[in-house]
Amino acid sequence: MIASLDDSAALRVLCYHHASWQSGHITHPTVHWSPDGTKLLFISDKDSPKKKKGDMYLAVVKQPETPRHPHTANNRADGPLLTWQPASRHTETKEYVAMRSVPSPRANLQGVKLDRTDVFEEVGVVPVVSAVLTGKHLDAKATTVTVASTAGFPDSGKLLIAGNHSMAAPEVLTYGGKTETTFLNCKRGEESSEPAMHWSGARVWSLSTMKFIDTSIPDPKRQYYYTVRAREHSRLTNPYSRISNAVVSKTK
């Protein structure tokens, strides 16, 4: 079962574990964590009649965190420019969804349908540009950052090292150039962050690519509100997602 240490979430049963080799029950959940600790892969008999058959499940323990500091600037040439920063913790985010407010179905006393602050529609998707640190570790004084690949990153810009464990605080840095696998001339500890040692495998985000220009505004006179949400690689939304359901058929 999954239990919340602070009782903030309800108890969630993973497997009933009615162990009996003689009756053919599933006896071992064989739980495996995802690398970032946000999901559990396990075998369970929770949905099986009489608890005699098992299936493979993926349980979402932690959803992607909300992006930080969404900001809308007036870009007269192309339209409103929405910028933000990714969450400080890596949660297998694949892309960010830019959303825009929709008008109220009823007009106010002045006959104007104002935009709602609680209802949004998707207007664009921005793919994540990220990589992982390679090598033994990144020293706090290093000015060169080595990753698996710098493909998709601008030639210069700003990075966020989100870390992959609780002891490594997020760090912002800038770089002045890149090769196929390294960022060069790095200035560590930008934006009030502190230079820190990061383990191999830590996620490195491009802060320079987190932007969306809204060019499809239907009414320039309306006052819009914007927000951003994260979307996982798996697109999982349920606490449990069955990823296999083997069917055994007999044929003559």
# chains A, B, ... in the order shown; residues from 1 in each chain; ligands from 1

call {"tool": "closest_atom_pairs", "arguments": {"of": "stretch 52-135 of chain A", "to": "stretch 149-153 of chain A", "cutoff": "12 Å", "atoms": "only C-alpha atoms", "output": "JSON lines"}}
result
{"residue": "A:Pro127", "atom": "CA", "partner": "A:Gly152", "partner_atom": "CA", "distance": 10.2}
{"residue": "A:Val128", "atom": "CA", "partner": "A:Gly152", "partner_atom": "CA", "distance": 9.5}
{"residue": "A:Val129", "atom": "CA", "partner": "A:Gly152", "partner_atom": "CA", "distance": 6.3}
{"residue": "A:Ser130", "atom": "CA", "partner": "A:Phe153", "partner_atom": "CA", "distance": 7.9}
{"residue": "A:Ala131", "atom": "CA", "partner": "A:Ser149", "partner_atom": "CA", "distance": 6.4}
{"residue": "A:Val132", "atom": "CA", "partner": "A:Ser149", "partner_atom": "CA", "distance": 8.0}
{"residue": "A:Leu133", "atom": "CA", "partner": "A:Ser149", "partner_atom": "CA", "distance": 9.2}
{"residue": "A:Thr134", "atom": "CA", "partner": "A:Ser149", "partner_atom": "CA", "distance": 9.5}

call {"tool": "write_last_selection", "arguments": {"atoms": "C-alpha atoms", "output": "PDB file, in the first residue's frame"}}
result
ATOM      1  CA  PRO A 127       8.188  21.011 -25.943  1.00  0.00           C
ATOM      2  CA  VAL A 128      10.697  20.650 -23.136  1.00  0.00           C
ATOM      3  CA  VAL A 129      14.347  21.205 -24.076  1.00  0.00           C
ATOM      4  CA  SER A 130      16.395  19.306 -21.510  1.00  0.00           C
ATOM      5  CA  ALA A 131      19.270  16.909 -21.022  1.00  0.00           C
ATOM      6  CA  VAL A 132      20.944  14.982 -18.200  1.00  0.00           C
ATOM      7  CA  LEU A 133      24.374  15.472 -16.668  1.00  0.00           C
ATOM      8  CA  THR A 134      26.939  12.815 -17.515  1.00  0.00           C
TER       9      THR A 134
END

call {"tool": "select_by_dssp", "arguments": {"residues": "stretch 73-114 of chain A", "states": "strand (DSSP E or B)", "output": "list in words"}}
result
Ala73, Leu81, Leu82, Thr83, Trp84, Gln85, Thr93, Lys94, Glu95, Tyr96, Val97, Ala98, Met99, Arg100, Ser101, Val102 and Pro103 of chain A

call {"tool": "select_by_dssp", "arguments": {"residues": "stretch 18-240 of chain A", "states": "helix (DSSP H, G or I)", "output": "ChimeraX atom specification"}}
result
/A:49-51,207-209

call {"tool": "atom_distance", "arguments": {"atom1": "atom CA of A:Ser192", "atom2": "atom CA of A:Ala98"}}
result
26.9 Å

call {"tool": "residues_around", "arguments": {"residues": "A:Gly189", "least_positions_apart": "2", "cutoff": "12 Å", "atoms": "only C-alpha atoms", "output": "list in words"}}
result
Ala140, Lys141, Ala142, Thr143, Lys158, Leu159, Leu160, Ile161, Ala169, Pro170, Glu171, Val172, Leu173, Thr174, Tyr175, Cys186, Lys187, Glu191, Ser192, Ser193, Glu194, Pro195, Ala196 and Met197 of chain A

call {"tool": "write_last_selection", "arguments": {"atoms": "N, CA and C atoms", "output": "PDB file, in the first residue's frame"}}
result
ATOM      1  N   ALA A 140      31.023  22.202  -7.980  1.00  0.00           N
ATOM      2  CA  ALA A 140      30.401  23.509  -7.789  1.00  0.00           C
ATOM      3  C   ALA A 140      31.179  24.635  -8.453  1.00  0.00           C
ATOM      4  N   LYS A 141      32.468  24.416  -8.766  1.00  0.00           N
ATOM      5  CA  LYS A 141      33.292  25.462  -9.371  1.00  0.00           C
ATOM      6  C   LYS A 141      33.496  25.260 -10.872  1.00  0.00           C
ATOM      7  N   ALA A 142      32.947  24.219 -11.429  1.00  0.00           N
ATOM      8  CA  ALA A 142      33.166  23.917 -12.844  1.00  0.00           C
ATOM      9  C   ALA A 142      32.512  24.973 -13.730  1.00  0.00           C
ATOM     10  N   THR A 143      33.193  25.334 -14.810  1.00  0.00           N
ATOM     11  CA  THR A 143      32.657  26.286 -15.781  1.00  0.00           C
ATOM     12  C   THR A 143      32.243  25.609 -17.083  1.00  0.00           C
ATOM     13  N   LYS A 158      20.400  30.445 -20.821  1.00  0.00           N
ATOM     14  CA  LYS A 158      20.289  30.218 -19.388  1.00  0.00           C
ATOM     15  C   LYS A 158      19.794  28.804 -19.135  1.00  0.00           C
ATOM     16  N   LEU A 159      20.371  28.153 -18.110  1.00  0.00           N
ATOM     17  CA  LEU A 159      20.035  26.783 -17.758  1.00  0.00           C
ATOM     18  C   LEU A 159      19.568  26.706 -16.314  1.00  0.00           C
ATOM     19  N   LEU A 160      18.770  25.690 -16.039  1.00  0.00           N
ATOM     20  CA  LEU A 160      18.389  25.351 -14.677  1.00  0.00           C
ATOM     21  C   LEU A 160      18.752  23.899 -14.431  1.00  0.00           C
ATOM     22  N   ILE A 161      19.595  23.655 -13.437  1.00  0.00           N
ATOM     23  CA  ILE A 161      19.895  22.284 -13.024  1.00  0.00           C
ATOM     24  C   ILE A 161      18.954  21.962 -11.877  1.00  0.00           C
ATOM     25  N   ALA A 169      20.124  21.523  -4.244  1.00  0.00           N
ATOM     26  CA  ALA A 169      19.177  22.601  -4.493  1.00  0.00           C
ATOM     27  C   ALA A 169      19.238  23.004  -5.962  1.00  0.00           C
ATOM     28  N   PRO A 170      18.139  23.475  -6.535  1.00  0.00           N
ATOM     29  CA  PRO A 170      18.164  23.925  -7.932  1.00  0.00           C
ATOM     30  C   PRO A 170      19.167  25.049  -8.123  1.00  0.00           C
ATOM     31  N   GLU A 171      19.829  25.059  -9.277  1.00  0.00           N
ATOM     32  CA  GLU A 171      20.826  26.084  -9.574  1.00  0.00           C
ATOM     33  C   GLU A 171      20.606  26.629 -10.983  1.00  0.00           C
ATOM     34  N   VAL A 172      20.652  27.944 -11.101  1.00  0.00           N
ATOM     35  CA  VAL A 172      20.533  28.609 -12.398  1.00  0.00           C
ATOM     36  C   VAL A 172      21.924  29.042 -12.842  1.00  0.00           C
ATOM     37  N   LEU A 173      22.235  28.842 -14.117  1.00  0.00           N
ATOM     38  CA  LEU A 173      23.527  29.275 -14.642  1.00  0.00           C
ATOM     39  C   LEU A 173      23.347  29.732 -16.084  1.00  0.00           C
ATOM     40  N   THR A 174      24.285  30.499 -16.559  1.00  0.00           N
ATOM     41  CA  THR A 174      24.299  30.939 -17.949  1.00  0.00           C
ATOM     42  C   THR A 174      25.521  30.341 -18.642  1.00  0.00           C
ATOM     43  N   TYR A 175      25.425  30.179 -19.964  1.00  0.00           N
ATOM     44  CA  TYR A 175      26.548  29.651 -20.738  1.00  0.00           C
ATOM     45  C   TYR A 175      26.733  30.502 -21.990  1.00  0.00           C
ATOM     46  N   CYS A 186      30.493  28.800 -18.478  1.00  0.00           N
ATOM     47  CA  CYS A 186      29.322  28.868 -17.606  1.00  0.00           C
ATOM     48  C   CYS A 186      29.570  29.788 -16.411  1.00  0.00           C
ATOM     49  N   LYS A 187      28.567  30.589 -16.089  1.00  0.00           N
ATOM     50  CA  LYS A 187      28.566  31.406 -14.881  1.00  0.00           C
ATOM     51  C   LYS A 187      27.583  30.777 -13.913  1.00  0.00           C
ATOM     52  N   GLU A 191      20.806  34.295 -10.528  1.00  0.00           N
ATOM     53  CA  GLU A 191      19.450  34.545 -10.006  1.00  0.00           C
ATOM     54  C   GLU A 191      19.300  34.090  -8.556  1.00  0.00           C
ATOM     55  N   SER A 192      20.229  34.494  -7.728  1.00  0.00           N
ATOM     56  CA  SER A 192      20.196  34.241  -6.279  1.00  0.00           C
ATOM     57  C   SER A 192      20.334  32.761  -5.913  1.00  0.00           C
ATOM     58  N   SER A 193      20.623  31.897  -6.878  1.00  0.00           N
ATOM     59  CA  SER A 193      20.890  30.502  -6.555  1.00  0.00           C
ATOM     60  C   SER A 193      22.353  30.343  -6.150  1.00  0.00           C
ATOM     61  N   GLU A 194      22.677  29.217  -5.555  1.00  0.00           N
ATOM     62  CA  GLU A 194      24.031  28.950  -5.077  1.00  0.00           C
ATOM     63  C   GLU A 194      24.680  27.862  -5.923  1.00  0.00           C
ATOM     64  N   PRO A 195      25.966  28.033  -6.295  1.00  0.00           N
ATOM     65  CA  PRO A 195      26.672  26.944  -6.987  1.00  0.00           C
ATOM     66  C   PRO A 195      26.710  25.705  -6.095  1.00  0.00           C
ATOM     67  N   ALA A 196      26.437  24.562  -6.666  1.00  0.00           N
ATOM     68  CA  ALA A 196      26.374  23.333  -5.879  1.00  0.00           C
ATOM     69  C   ALA A 196      26.900  22.174  -6.702  1.00  0.00           C
ATOM     70  N   MET A 197      27.278  21.100  -6.009  1.00  0.00           N
ATOM     71  CA  MET A 197      27.669  19.882  -6.687  1.00  0.00           C
ATOM     72  C   MET A 197      26.412  19.110  -7.069  1.00  0.00           C
TER      73      MET A 197
END

call {"tool": "atom_distance", "arguments": {"atom1": "atom CA of A:Pro64", "atom2": "atom CA of A:Ala230"}}
result
6.0 Å

call {"tool": "residues_around", "arguments": {"residues": "A:Gly135", "least_positions_apart": "4", "cutoff": "10 Å", "atoms": "only C-alpha atoms", "output": "PyMOL selection string"}}
result
chain A and resi 145-148+199-201

call {"tool": "write_last_selection", "arguments": {"atoms": "N, CA and C atoms", "output": "PDB file, in the first residue's frame"}}
result
ATOM      1  N   VAL A 145      29.882  22.345 -18.399  1.00  0.00           N
ATOM      2  CA  VAL A 145      28.857  21.380 -17.997  1.00  0.00           C
ATOM      3  C   VAL A 145      28.708  20.354 -19.109  1.00  0.00           C
ATOM      4  N   THR A 146      28.890  19.089 -18.769  1.00  0.00           N
ATOM      5  CA  THR A 146      28.807  18.002 -19.750  1.00  0.00           C
ATOM      6  C   THR A 146      27.486  17.269 -19.610  1.00  0.00           C
ATOM      7  N   VAL A 147      26.769  17.135 -20.728  1.00  0.00           N
ATOM      8  CA  VAL A 147      25.469  16.468 -20.743  1.00  0.00           C
ATOM      9  C   VAL A 147      25.458  15.413 -21.843  1.00  0.00           C
ATOM     10  N   ALA A 148      24.388  14.648 -21.905  1.00  0.00           N
ATOM     11  CA  ALA A 148      24.288  13.608 -22.920  1.00  0.00           C
ATOM     12  C   ALA A 148      24.242  14.203 -24.320  1.00  0.00           C
ATOM     13  N   TRP A 199      24.859  15.495  -8.969  1.00  0.00           N
ATOM     14  CA  TRP A 199      25.175  14.134  -9.355  1.00  0.00           C
ATOM     15  C   TRP A 199      24.907  13.902 -10.827  1.00  0.00           C
ATOM     16  N   SER A 200      25.570  12.914 -11.371  1.00  0.00           N
ATOM     17  CA  SER A 200      25.305  12.494 -12.743  1.00  0.00           C
ATOM     18  C   SER A 200      23.854  12.029 -12.863  1.00  0.00           C
ATOM     19  N   GLY A 201      23.216  12.418 -13.951  1.00  0.00           N
ATOM     20  CA  GLY A 201      21.810  12.075 -14.141  1.00  0.00           C
ATOM     21  C   GLY A 201      20.866  13.192 -13.795  1.00  0.00           C
TER      22      GLY A 201
END

call {"tool": "closest_residue", "arguments": {"among": "A:Gly124, A:Gly37, A:Gly111, A:Pro80", "to": "A:Val228", "atoms": "only C-alpha atoms"}}
result
A:Gly124

call {"tool": "residues_around", "arguments": {"residues": "A:Pro220", "least_positions_apart": "3", "cutoff": "12 Å", "atoms": "only C-alpha atoms", "output": "ChimeraX atom specification"}}
result
/A:74,76,78-80,214-217,223-224

call {"tool": "write_last_selection", "arguments": {"atoms": "N, CA and C atoms", "output": "compact mmCIF listing (two decimals), in the first residue's frame"}}
result
# COMPACT_ATOMS: atom_id res chain seq x y z
N ASN A 74 3.60 42.39 -23.25
CA ASN A 74 2.92 42.86 -24.45
C ASN A 74 3.92 42.95 -25.59
N ARG A 76 4.01 43.84 -29.23
CA ARG A 76 3.16 44.48 -30.23
C ARG A 76 3.32 43.88 -31.62
N ASP A 78 4.04 40.55 -32.51
CA ASP A 78 3.48 39.22 -32.72
C ASP A 78 2.33 38.87 -31.78
N GLY A 79 2.11 39.67 -30.75
CA GLY A 79 1.07 39.35 -29.78
C GLY A 79 1.67 39.14 -28.41
N PRO A 80 0.83 38.78 -27.41
CA PRO A 80 1.33 38.58 -26.04
C PRO A 80 2.39 37.49 -25.99
N ASP A 214 1.48 34.25 -28.42
CA ASP A 214 0.09 34.02 -28.81
C ASP A 214 -0.24 34.86 -30.04
N THR A 215 -0.36 34.19 -31.17
CA THR A 215 -0.65 34.90 -32.42
C THR A 215 -2.07 34.64 -32.91
N SER A 216 -2.89 33.99 -32.07
CA SER A 216 -4.23 33.61 -32.50
C SER A 216 -5.32 34.25 -31.64
N ILE A 217 -5.09 35.47 -31.20
CA ILE A 217 -6.08 36.15 -30.34
C ILE A 217 -7.31 36.50 -31.17
N GLN A 223 -9.39 41.37 -22.49
CA GLN A 223 -8.29 41.22 -21.54
C GLN A 223 -8.17 39.74 -21.17
N TYR A 224 -7.09 39.11 -21.64
CA TYR A 224 -6.92 37.68 -21.44
C TYR A 224 -6.07 37.39 -20.21

call {"tool": "decode", "arguments": {"residues": "stretch 191-209 of chain A", "atoms": "N, CA and C atoms", "output": "PDB file, in the first residue's frame"}}
result
ATOM      1  N   GLU A 191      20.806  34.295 -10.528  1.00  0.00           N
ATOM      2  CA  GLU A 191      19.450  34.545 -10.006  1.00  0.00           C
ATOM      3  C   GLU A 191      19.300  34.090  -8.556  1.00  0.00           C
ATOM      4  N   SER A 192      20.229  34.494  -7.728  1.00  0.00           N
ATOM      5  CA  SER A 192      20.196  34.241  -6.279  1.00  0.00           C
ATOM      6  C   SER A 192      20.334  32.761  -5.913  1.00  0.00           C
ATOM      7  N   SER A 193      20.623  31.897  -6.878  1.00  0.00           N
ATOM      8  CA  SER A 193      20.890  30.502  -6.555  1.00  0.00           C
ATOM      9  C   SER A 193      22.353  30.343  -6.150  1.00  0.00           C
ATOM     10  N   GLU A 194      22.677  29.217  -5.555  1.00  0.00           N
ATOM     11  CA  GLU A 194      24.031  28.950  -5.077  1.00  0.00           C
ATOM     12  C   GLU A 194      24.680  27.862  -5.923  1.00  0.00           C
ATOM     13  N   PRO A 195      25.966  28.033  -6.295  1.00  0.00           N
ATOM     14  CA  PRO A 195      26.672  26.944  -6.987  1.00  0.00           C
ATOM     15  C   PRO A 195      26.710  25.705  -6.095  1.00  0.00           C
ATOM     16  N   ALA A 196      26.437  24.562  -6.666  1.00  0.00           N
ATOM     17  CA  ALA A 196      26.374  23.333  -5.879  1.00  0.00           C
ATOM     18  C   ALA A 196      26.900  22.174  -6.702  1.00  0.00           C
ATOM     19  N   MET A 197      27.278  21.100  -6.009  1.00  0.00           N
ATOM     20  CA  MET A 197      27.669  19.882  -6.687  1.00  0.00           C
ATOM     21  C   MET A 197      26.412  19.110  -7.069  1.00  0.00           C
ATOM     22  N   HIS A 198      26.374  18.600  -8.306  1.00  0.00           N
ATOM     23  CA  HIS A 198      25.216  17.854  -8.787  1.00  0.00           C
ATOM     24  C   HIS A 198      25.663  16.485  -9.265  1.00  0.00           C
ATOM     25  N   TRP A 199      24.859  15.495  -8.969  1.00  0.00           N
ATOM     26  CA  TRP A 199      25.175  14.134  -9.355  1.00  0.00           C
ATOM     27  C   TRP A 199      24.907  13.902 -10.827  1.00  0.00           C
ATOM     28  N   SER A 200      25.570  12.914 -11.371  1.00  0.00           N
ATOM     29  CA  SER A 200      25.305  12.494 -12.743  1.00  0.00           C
ATOM     30  C   SER A 200      23.854  12.029 -12.863  1.00  0.00           C
ATOM     31  N   GLY A 201      23.216  12.418 -13.951  1.00  0.00           N
ATOM     32  CA  GLY A 201      21.810  12.075 -14.141  1.00  0.00           C
ATOM     33  C   GLY A 201      20.866  13.192 -13.795  1.00  0.00           C
ATOM     34  N   ALA A 202      21.378  14.293 -13.208  1.00  0.00           N
ATOM     35  CA  ALA A 202      20.513  15.418 -12.878  1.00  0.00           C
ATOM     36  C   ALA A 202      19.967  16.053 -14.155  1.00  0.00           C
ATOM     37  N   ARG A 203      18.743  16.530 -14.101  1.00  0.00           N
ATOM     38  CA  ARG A 203      18.096  17.116 -15.270  1.00  0.00           C
ATOM     39  C   ARG A 203      18.525  18.567 -15.449  1.00  0.00           C
ATOM     40  N   VAL A 204      18.870  18.921 -16.694  1.00  0.00           N
ATOM     41  CA  VAL A 204      19.275  20.284 -17.053  1.00  0.00           C
ATOM     42  C   VAL A 204      18.238  20.834 -18.032  1.00  0.00           C
ATOM     43  N   TRP A 205      17.584  21.916 -17.656  1.00  0.00           N
ATOM     44  CA  TRP A 205      16.549  22.531 -18.480  1.00  0.00           C
ATOM     45  C   TRP A 205      17.084  23.779 -19.174  1.00  0.00           C
ATOM     46  N   SER A 206      16.541  24.066 -20.334  1.00  0.00           N
ATOM     47  CA  SER A 206      16.823  25.336 -21.005  1.00  0.00           C
ATOM     48  C   SER A 206      15.766  26.355 -20.595  1.00  0.00           C
ATOM     49  N   LEU A 207      16.168  27.384 -19.856  1.00  0.00           N
ATOM     50  CA  LEU A 207      15.239  28.452 -19.497  1.00  0.00           C
ATOM     51  C   LEU A 207      15.016  29.409 -20.661  1.00  0.00           C
ATOM     52  N   SER A 208      15.915  29.394 -21.633  1.00  0.00           N
ATOM     53  CA  SER A 208      15.819  30.325 -22.754  1.00  0.00           C
ATOM     54  C   SER A 208      14.749  29.924 -23.766  1.00  0.00           C
ATOM     55  N   THR A 209      14.257  28.706 -23.689  1.00  0.00           N
ATOM     56  CA  THR A 209      13.260  28.243 -24.664  1.00  0.00           C
ATOM     57  C   THR A 209      11.862  28.167 -24.077  1.00  0.00           C
TER      58      THR A 209
END
